[in-house]
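Enquirer: I have a structure I would like to understand better, so I am pasting it below and will then ask my questions one at a time.
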Amino acid sequence: MTSPLIDLFLAAVRIDAPSLHEAPMAAFVRRALADVPVRIIEDDAAAALGTGCGNLICIPQGFTPDRPATVLFAHLDTPGPTAGVHPVVTSDRITSDGTTILGVDNRAGLCMLLHALRTTVATNPQGNAMVVFTVAEELGMWGAKHVDLSPYNVAMAFVFDCSRRPGTFIQSCVGSSLYTATFHGRASHAGVAPEKGINAIQAASRAIDRIKMGRLSPKMTANVGTIRGGSATNVVPDTCVIEGEVRSFHPEELDAYIAGITTVFNATCAEFQATVDVHSTLDFAPFVLSENAPVFRRACAVLKRLGLTPNPIEYLGGSDANMLNGKNVPSVNLGIGAQNPHGTDEFILLEDLQTSASIAHDLMQRTPDEIR
């Protein structure tokens with residue numbers, strides 16, 4: 001089974017371009033749009049982030065900032081390398097052969113938007129829409145943090161990056177705070193004079209054991225993701241660094257969790273005569289879209305036009321939509337059917353690939369205020 005959209009996707013997944021190394025994917029985008037009346041602007045995110053390229057802003061012929069604009073988003077990076085991927089096309093889906101990730105996150109969204117640009121721009125669409133491909137999304141929506149939409153009179157945005165099937169979209173999403181805790185002990189020879197040392201790894205381990213992690217409530221999670229410390233087995237380690245995160249729909253819960261673990265870490269260190277420095281930052285803000293918001297109503301309208309039942313959900317995973325809503329650009333993250341993302345068993349149904357491309361086509365064809 002083949003089609004221009006499937007062929008585009010199969011070509012895209014073979015491009016190895018993980019986070020911070022997106023230049024090959026950016027080159028693929030330029031080639032795919034070489035014969036399409038679309039102007040591509042690469043912003044300066046590369047210099048700020050140390051990536052191989054910046055965000056790509058794709059402006060079709062006929063776009064004007066004199067009218068309210070719609071922006072469609074997908075990202076250029078994958079969560080890991082896709083070198084050596086072998087995509088397998090069956091009667092109803094595309095998978096990898098199980099030895100690597102397929103890269104469906106976000107090659108699927110990217111190809112849907114490329115295909116929509118290729119098939120829509122030449123028809124002189126009325127939607128006044130543009131497309132942005134961001135870098136380093138998998139590392140924390142870094143590219144979206146830097147993209148500047150202020151020159152384009154953006155009324156709303158749609159992100160093609162949710163693993164749910166078409167029809168589902170994210171109405172509300174958690175925010176996340178990241179923290180780094182550096183435990184300081186005292187080095188000593190572990191065999192000759194262990195009693196003179198203060199083991200920073202032990203203090204950190206005890207502290208970690210005393211904080212809550214995992215699913216703290218139906219709408220709140222926390223995790224310690226990395227631990228590093230020590231220099232040799234015969235040295236009592238004087239430093240241990242842990243990194244973690246907390247997610248919630250409520251900013252005050254993020255702050256309360258960070259304050260709580262800081263108290264626990266300090267109390268534990270006092271028992272060991274160690275110290276700890278805790279630093280935290282808001283990684284991305286939560287958002288909640290009103291059912292009366294034009295972007296919400298438009299999402300429902302386009303889905304209904306294509307015979308789908310709108311299914312707005314709460315979600316605990318962040319996306320470029322978090323960054324955009326945080327910048328006061330009303331944004332919906334649409335389900336595109338990129339299922340089991342980040343795993344070697346990820347796949348996309350052929351039906352969902354085509355349906356999501358049709359959603360993108362509709363959004364490009366119609367104006368932001370055409371909600372019916």
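Chain labels run A, B, ... following the order of the structure tokens; each chain numbers its residues from 1, and ligands are numbered from 1 in the order shown.
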Could you list, as a list in words, every residue within 8 Å of Thr367 (chain A), counting only C-alpha atoms and ignoring same-chain residues fewer than 5 positions away?

Expert: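 With the cut-off at 8 Å, the set is Pro68, Ala69, Thr70, Gln126, Gly127 and Asn128 of chain A.
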
Enquirer: DSSP on the backbone: what in region 310-356 of chain A comes out helix (DSSP H, G or I), as a list in words?

Expert: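 In region 310-356 of chain A, DSSP puts these residues in helix (DSSP H, G or I): Asp320, Ala321, Asn322, Met323, Leu324, Asn325, Gly326, Leu350, Glu351, Asp352, Leu353, Gln354, Thr355 and Ser356 of chain A.
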
Enquirer: Can you list, as a ChimeraX atom specification, all residues belonging to region 187-237 of chain A that DSSP tags as strand (DSSP E)?

Expert: /A:188-189,214-217,220-229,235-236

Enquirer: For the residues in that selection, give me C-alpha atoms as a tab-separated table (two decimals), in the first residue's frame.

Expert:
```tsv
chain	number	residue	atom	x	y	z
A	188	SER	CA	37.89	10.45	53.12
A	189	HIS	CA	39.69	7.16	52.43
A	214	GLY	CA	5.15	8.20	41.50
A	215	ARG	CA	1.46	9.03	41.18
A	216	LEU	CA	0.77	11.30	44.12
A	217	SER	CA	-2.87	11.81	43.07
A	220	MET	CA	-0.14	14.87	40.14
A	221	THR	CA	3.10	12.90	39.66
A	222	ALA	CA	6.70	13.18	40.84
A	223	ASN	CA	9.93	11.44	39.93
A	224	VAL	CA	13.66	11.31	40.64
A	225	GLY	CA	15.23	10.66	37.27
A	226	THR	CA	19.03	10.82	37.68
A	227	ILE	CA	21.58	10.27	40.44
A	228	ARG	CA	25.30	10.86	40.08
A	229	GLY	CA	28.15	11.09	42.55
A	235	VAL	CA	36.73	7.24	48.47
A	236	VAL	CA	33.86	8.31	50.68
```

Enquirer: Kindly provide the residues of region 51-162 of chain A that approach region 1-15 of chain A to within 12 Å, each paired with its closest atom pair and their distance in Å to one decimal, based on only C-alpha atoms, listed by chain and increasing number, as CSV.

Expert:
```
residue,atom,partner,partner_atom,distance
A:Leu76,CA,A:Ala12,CA,10.2
A:Asp77,CA,A:Ile15,CA,10.0
A:Thr78,CA,A:Val13,CA,9.5
A:Gly80,CA,A:Ile15,CA,11.8
A:Pro81,CA,A:Ile15,CA,9.2
A:Thr82,CA,A:Arg14,CA,6.9
A:Ala83,CA,A:Arg14,CA,7.0
A:Gly84,CA,A:Arg14,CA,7.6
A:Val85,CA,A:Arg14,CA,6.3
A:His86,CA,A:Arg14,CA,8.0
A:Pro87,CA,A:Leu10,CA,6.9
A:Val88,CA,A:Leu10,CA,9.1
A:Val89,CA,A:Met1,CA,7.6
A:Thr90,CA,A:Met1,CA,7.9
A:Ser91,CA,A:Met1,CA,7.2
A:Asp92,CA,A:Met1,CA,9.3
A:Arg93,CA,A:Met1,CA,10.1
A:Ile94,CA,A:Leu10,CA,8.8
A:Thr95,CA,A:Leu10,CA,10.2
A:Ser96,CA,A:Val13,CA,9.6
A:Thr100,CA,A:Val13,CA,11.1
A:Ile101,CA,A:Val13,CA,9.5
A:Leu102,CA,A:Val13,CA,6.5
A:Gly103,CA,A:Val13,CA,5.8
A:Val104,CA,A:Val13,CA,7.3
A:Asp105,CA,A:Val13,CA,9.7
A:Asn106,CA,A:Val13,CA,9.3
A:Arg107,CA,A:Val13,CA,6.2
A:Ala108,CA,A:Phe9,CA,6.6
A:Gly109,CA,A:Phe9,CA,9.5
A:Leu110,CA,A:Phe9,CA,8.6
A:Cys111,CA,A:Phe9,CA,5.8
A:Met112,CA,A:Leu5,CA,7.5
A:Leu113,CA,A:Leu5,CA,10.2
A:Leu114,CA,A:Leu8,CA,8.6
A:His115,CA,A:Leu5,CA,6.2
A:Ala116,CA,A:Leu5,CA,9.3
A:Leu117,CA,A:Leu5,CA,11.6
A:Arg118,CA,A:Leu5,CA,10.2
A:Thr119,CA,A:Pro4,CA,10.3
```

Enquirer: Near Arg39 (chain A), within 8 Å and counting only C-alpha atoms, which residues show up once chain neighbours fewer than 2 positions away are dropped, as a list in words?

Expert: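 Here the qualifying residues turn out to be Pro37, Ile41, Cys58, Ile59, Pro60 and Gln61 of chain A.
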
Enquirer: Using only C-alpha atoms, which residues sit within 9 Å of Asn325 (chain A) once same-chain residues fewer than 3 positions away are excluded, as a PyMOL selection string?

Expert: chain A and resi 285-288+320-322+328-332

Enquirer: Could the residues in this selection be saved with N, CA and C atoms as an mmCIF file, in the first residue's frame?

Expert:
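The resulting file, selection-v8.cif, is shown below:
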```cif
data_model
loop_
_atom_site.group_PDB
_atom_site.id
_atom_site.type_symbol
_atom_site.label_atom_id
_atom_site.label_comp_id
_atom_site.auth_asym_id
_atom_site.auth_seq_id
_atom_site.Cartn_x
_atom_site.Cartn_y
_atom_site.Cartn_z
ATOM 1 N N ALA A 285 4.420 25.581 31.958
ATOM 2 C CA ALA A 285 3.251 25.941 32.752
ATOM 3 C C ALA A 285 2.053 25.077 32.366
ATOM 4 N N PRO A 286 1.143 24.834 33.310
ATOM 5 C CA PRO A 286 -0.100 24.134 32.965
ATOM 6 C C PRO A 286 -1.027 25.050 32.180
ATOM 7 N N PHE A 287 -2.020 24.458 31.526
ATOM 8 C CA PHE A 287 -3.037 25.270 30.876
ATOM 9 C C PHE A 287 -4.382 24.556 30.922
ATOM 10 N N VAL A 288 -5.436 25.345 30.903
ATOM 11 C CA VAL A 288 -6.810 24.849 30.831
ATOM 12 C C VAL A 288 -7.546 25.724 29.829
ATOM 13 N N ASP A 320 4.525 21.422 22.942
ATOM 14 C CA ASP A 320 4.676 22.826 22.541
ATOM 15 C C ASP A 320 3.436 23.650 22.882
ATOM 16 N N ALA A 321 2.271 22.985 23.004
ATOM 17 C CA ALA A 321 1.053 23.715 23.370
ATOM 18 C C ALA A 321 1.184 24.376 24.739
ATOM 19 N N ASN A 322 1.918 23.760 25.661
ATOM 20 C CA ASN A 322 2.143 24.383 26.969
ATOM 21 C C ASN A 322 2.879 25.700 26.821
ATOM 22 N N ASN A 328 0.410 33.190 25.805
ATOM 23 C CA ASN A 328 -0.902 33.758 25.478
ATOM 24 C C ASN A 328 -1.292 33.540 24.017
ATOM 25 N N VAL A 329 -0.807 32.421 23.453
ATOM 26 C CA VAL A 329 -1.266 31.984 22.136
ATOM 27 C C VAL A 329 -2.175 30.782 22.378
ATOM 28 N N PRO A 330 -3.507 30.936 22.305
ATOM 29 C CA PRO A 330 -4.405 29.820 22.599
ATOM 30 C C PRO A 330 -4.104 28.632 21.690
ATOM 31 N N SER A 331 -3.832 27.477 22.303
ATOM 32 C CA SER A 331 -3.319 26.343 21.539
ATOM 33 C C SER A 331 -3.924 25.029 22.000
ATOM 34 N N VAL A 332 -4.204 24.171 21.030
ATOM 35 C CA VAL A 332 -4.710 22.822 21.277
ATOM 36 C C VAL A 332 -3.700 21.820 20.742
#
```

Enquirer: Find the residue from A:Asp35, A:Asp161, A:Glu22, A:Asp43 that sits nearest to Phe73 (chain A); use only C-alpha atoms when measuring.

Expert: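 Smallest separation from Phe73 (chain A) among the options: A:Asp161.
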
Enquirer: Please measure the separation of CA of Leu303 (chain A) and CA of Glu137 (chain A), giving the value in Å to one decimal.

Expert: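 If I compute the distance from CA of Leu303 (chain A) to CA of Glu137 (chain A), I get 25.6 Å.
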
Enquirer: What does the structure give for the distance between CA of Cys173 (chain A) and CA of Ala256 (chain A), in Å to one decimal?

Expert: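 So the two atoms, CA of Cys173 (chain A) and CA of Ala256 (chain A), lie 18.6 Å apart.
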
Enquirer: Mind running region 148-251 of chain A against region 259-279 of chain A at 6 Å and telling me each contacting residue's nearest atom pair with the distance in Å (one decimal), counting only C-alpha atoms, chain and number ascending, as JSON lines?

Expert:
```
{"residue": "A:Tyr179", "atom": "CA", "partner": "A:His279", "partner_atom": "CA", "distance": 5.5}
{"residue": "A:Thr180", "atom": "CA", "partner": "A:His279", "partner_atom": "CA", "distance": 5.3}
{"residue": "A:Ala181", "atom": "CA", "partner": "A:Val278", "partner_atom": "CA", "distance": 4.4}
{"residue": "A:Thr182", "atom": "CA", "partner": "A:Asp277", "partner_atom": "CA", "distance": 5.2}
{"residue": "A:Phe183", "atom": "CA", "partner": "A:Val276", "partner_atom": "CA", "distance": 4.3}
{"residue": "A:His184", "atom": "CA", "partner": "A:Thr275", "partner_atom": "CA", "distance": 5.2}
{"residue": "A:Gly185", "atom": "CA", "partner": "A:Ala274", "partner_atom": "CA", "distance": 4.9}
{"residue": "A:Ala207", "atom": "CA", "partner": "A:Phe265", "partner_atom": "CA", "distance": 5.4}
```

Enquirer: Between A:Lys212, A:Ala27, A:Ala232, A:Pro166, which residue has the minimum interatomic distance to Gly244 (chain A), considering only C-alpha atoms?

Expert: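 The answer is A:Lys212, which sits nearest to Gly244 (chain A).
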
Enquirer: Between CA of Thr64 (chain A) and CA of Phe158 (chain A), measure the distance and give it in Å to one decimal.

Expert: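 If I compute the distance from CA of Thr64 (chain A) to CA of Phe158 (chain A), I get 18.4 Å.
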
Enquirer: For Ala299 (chain A), which residue among A:Thr99, A:Ser319, A:Asn333, A:Ser231 is the nearest when counting only C-alpha atoms?

Expert: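 For Ala299 (chain A), the nearest of the candidates is A:Asn333.
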
Enquirer: Contacts of Ala48 (chain A) at 12 Å or less, counting only C-alpha atoms, minus same-chain residues fewer than 4 places along, as a list in words?

Expert: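 Residues near the query, excluding close chain neighbours: Leu20, Asp43, Asp44, Gly52, Cys53, Gly54, Asn55, Val135, Ala136, Trp142, Gly143, Lys145, His146 and Val147 of chain A.
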
Enquirer: Could the residues in this selection be written to a file with C-alpha atoms, as an mmCIF file, in the first residue's frame?

Expert:
```cif
data_model
loop_
_atom_site.group_PDB
_atom_site.id
_atom_site.type_symbol
_atom_site.label_atom_id
_atom_site.label_comp_id
_atom_site.auth_asym_id
_atom_site.auth_seq_id
_atom_site.Cartn_x
_atom_site.Cartn_y
_atom_site.Cartn_z
ATOM 1 C CA LEU A 20 19.943 18.970 19.228
ATOM 2 C CA ASP A 43 15.116 31.626 13.461
ATOM 3 C CA ASP A 44 18.077 32.065 15.813
ATOM 4 C CA GLY A 52 22.140 21.977 14.538
ATOM 5 C CA CYS A 53 19.486 24.371 13.274
ATOM 6 C CA GLY A 54 16.790 26.735 14.472
ATOM 7 C CA ASN A 55 13.024 26.562 14.340
ATOM 8 C CA VAL A 135 13.692 21.976 17.600
ATOM 9 C CA ALA A 136 14.515 20.248 20.895
ATOM 10 C CA TRP A 142 13.137 24.349 24.136
ATOM 11 C CA GLY A 143 12.480 25.445 20.567
ATOM 12 C CA LYS A 145 10.373 28.712 24.191
ATOM 13 C CA HIS A 146 12.375 30.684 21.638
ATOM 14 C CA VAL A 147 9.996 30.923 18.689
#
```

Enquirer: Counting only C-alpha atoms, which of A:Ala200, A:Met364, A:Leu306, A:Leu350 gets nearest to Phe63 (chain A)?

Expert: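 Checking each of A:Ala200, A:Met364, A:Leu306, A:Leu350 against Phe63 (chain A), counting only C-alpha atoms, the winner is A:Met364.
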